[in-house]
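*Asks:* Structure incoming, see below.
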Amino acid sequence: MNKKIQLQDLGSRDYKSTWEYQEELFKAIVDLKIKNRREELDLETPNYLLFVEHPHVYTLGKSGDLENLLLNEKQLEAKGATFYKINRGGDITYHGPGQIVGYPILDLENFFTDIHKYLRFLEESIILTLEEYGLKCGRSEGETGVWLDVGTPFARKICALGVRASRWVTMHGFALNVNVDLGYFDNIIPCGIRGKGVTSLQVELGVERVDETEVKAKIVKHLTQLFEAEFI
């Protein structure tokens, strides 16, 4: 079992090229697992965590409803945004500057074979990170992601989750709103959930800007503990 995770910070990168890169890494791990099974080998499978910031983009999961995108093609262009229908779970979400997007591409057989536990661990890494900033966050029953003021009229989402897994290999991941322009969320029904707000770490702390490098380091620290992993 390989519990080492290769950390790659891709900086600002186009959604489509990042998606293709994820697919490349994902396929290489799946192919290696198939080879191990067919040839009765025991070759070590790698794990990755990609950090990235995307230019303005809306993505719709495979079970999502296109009606949750409130812009047409011309309006998208005017906003300087792109749109992709993709192969993760979940509905529609937004990615853009000031948002930390994390794509864990893990062979869960190196850790544990439980997708539910995997999702909860991703959420927990964000909850623990935000606690370090004095924010009390939690989960909303039946809705993935990380929320503030759950169960109140002021419930608001700060981190979205959407993953894909095949042969216990994961891709896609989480998007944490740090310094993001929340106005872009007005153009969608986020995650298909009506009547609930969206927020950011910057807004909740009431500061001009949050150090994203520091936030990433805290996320990695908590993922290390939760997955009993070593980042390299």
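A note on labels: chains of the structure tokens are A, B, ... as shown, every chain counts residues from 1, and ligands are counted from 1 in their shown order.
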Residues of region 15-227 of chain A in strand (DSSP E or B) according to DSSP, as a ChimeraX atom specification?
*Replies:* /A:48-53,57-60,69,82-85,92-95,99-105,107,137-140,143-148,156-166,169-177,188,197-198
*Asks:* If we count only C-alpha atoms and set the cut-off at 8 Å, which residues sit around Val210 (chain A), ignoring sequence neighbours fewer than 5 positions away in its own chain? Please answer as a list in words.
*Replies:*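 Close residues of Val210 (chain A): Val178, Asn179, Leu201 and Gln202 of chain A.
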*Asks:* Go ahead and write the selection's residues with N, CA and C atoms as an mmCIF file, in the first residue's frame.
*Replies:*
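Produced file out.cif, reproduced below:
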data_model
loop_
_atom_site.group_PDB
_atom_site.id
_atom_site.type_symbol
_atom_site.label_atom_id
_atom_site.label_comp_id
_atom_site.auth_asym_id
_atom_site.auth_seq_id
_atom_site.Cartn_x
_atom_site.Cartn_y
_atom_site.Cartn_z
ATOM 1 N N VAL A 178 -12.314 31.083 -1.134
ATOM 2 C CA VAL A 178 -11.414 31.823 -0.241
ATOM 3 C C VAL A 178 -11.549 33.322 -0.508
ATOM 4 N N ASN A 179 -11.065 33.786 -1.667
ATOM 5 C CA ASN A 179 -11.164 35.206 -2.034
ATOM 6 C C ASN A 179 -11.994 35.396 -3.299
ATOM 7 N N LEU A 201 -14.297 32.534 2.636
ATOM 8 C CA LEU A 201 -13.492 32.749 3.839
ATOM 9 C C LEU A 201 -13.222 34.248 4.038
ATOM 10 N N GLN A 202 -12.954 34.933 2.943
ATOM 11 C CA GLN A 202 -12.699 36.371 2.986
ATOM 12 C C GLN A 202 -13.900 37.130 3.573
#
*Asks:* Using only C-alpha atoms, which of A:Glu131, A:Glu124, A:Glu44, A:Glu23 sits nearest Lys3 (chain A)?
*Replies:*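 Among the listed residues, A:Glu44 lies closest to Lys3 (chain A).
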*Asks:* Counting only C-alpha atoms, which of A:Ile29, A:Val52, A:Ile34, A:Ala229 gets nearest to Arg13 (chain A)?
*Replies:* A:Val52
*Asks:* Compile the contact shell of Ile115 (chain A) as a list in words: residues with an atom at most 12 Å away, counting only C-alpha atoms, same-chain residues fewer than 3 positions apart removed.
*Replies:*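 The residues that qualify are Leu106, Asp107, Leu108, Glu109, Phe111, Phe112, Tyr118, Leu119, Arg120, Phe121, Leu122, Gly162, Val163, Arg164, Ala165, Ser166, Arg167, Trp168, Val169, Thr170 and Met171 of chain A.
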*Asks:* Identify all residues of region 3-150 of chain A in alpha helix (DSSP H) (DSSP on the backbone) and supply them as a PyMOL selection string.
*Replies:* chain A and resi 15-38+73-78+115-131
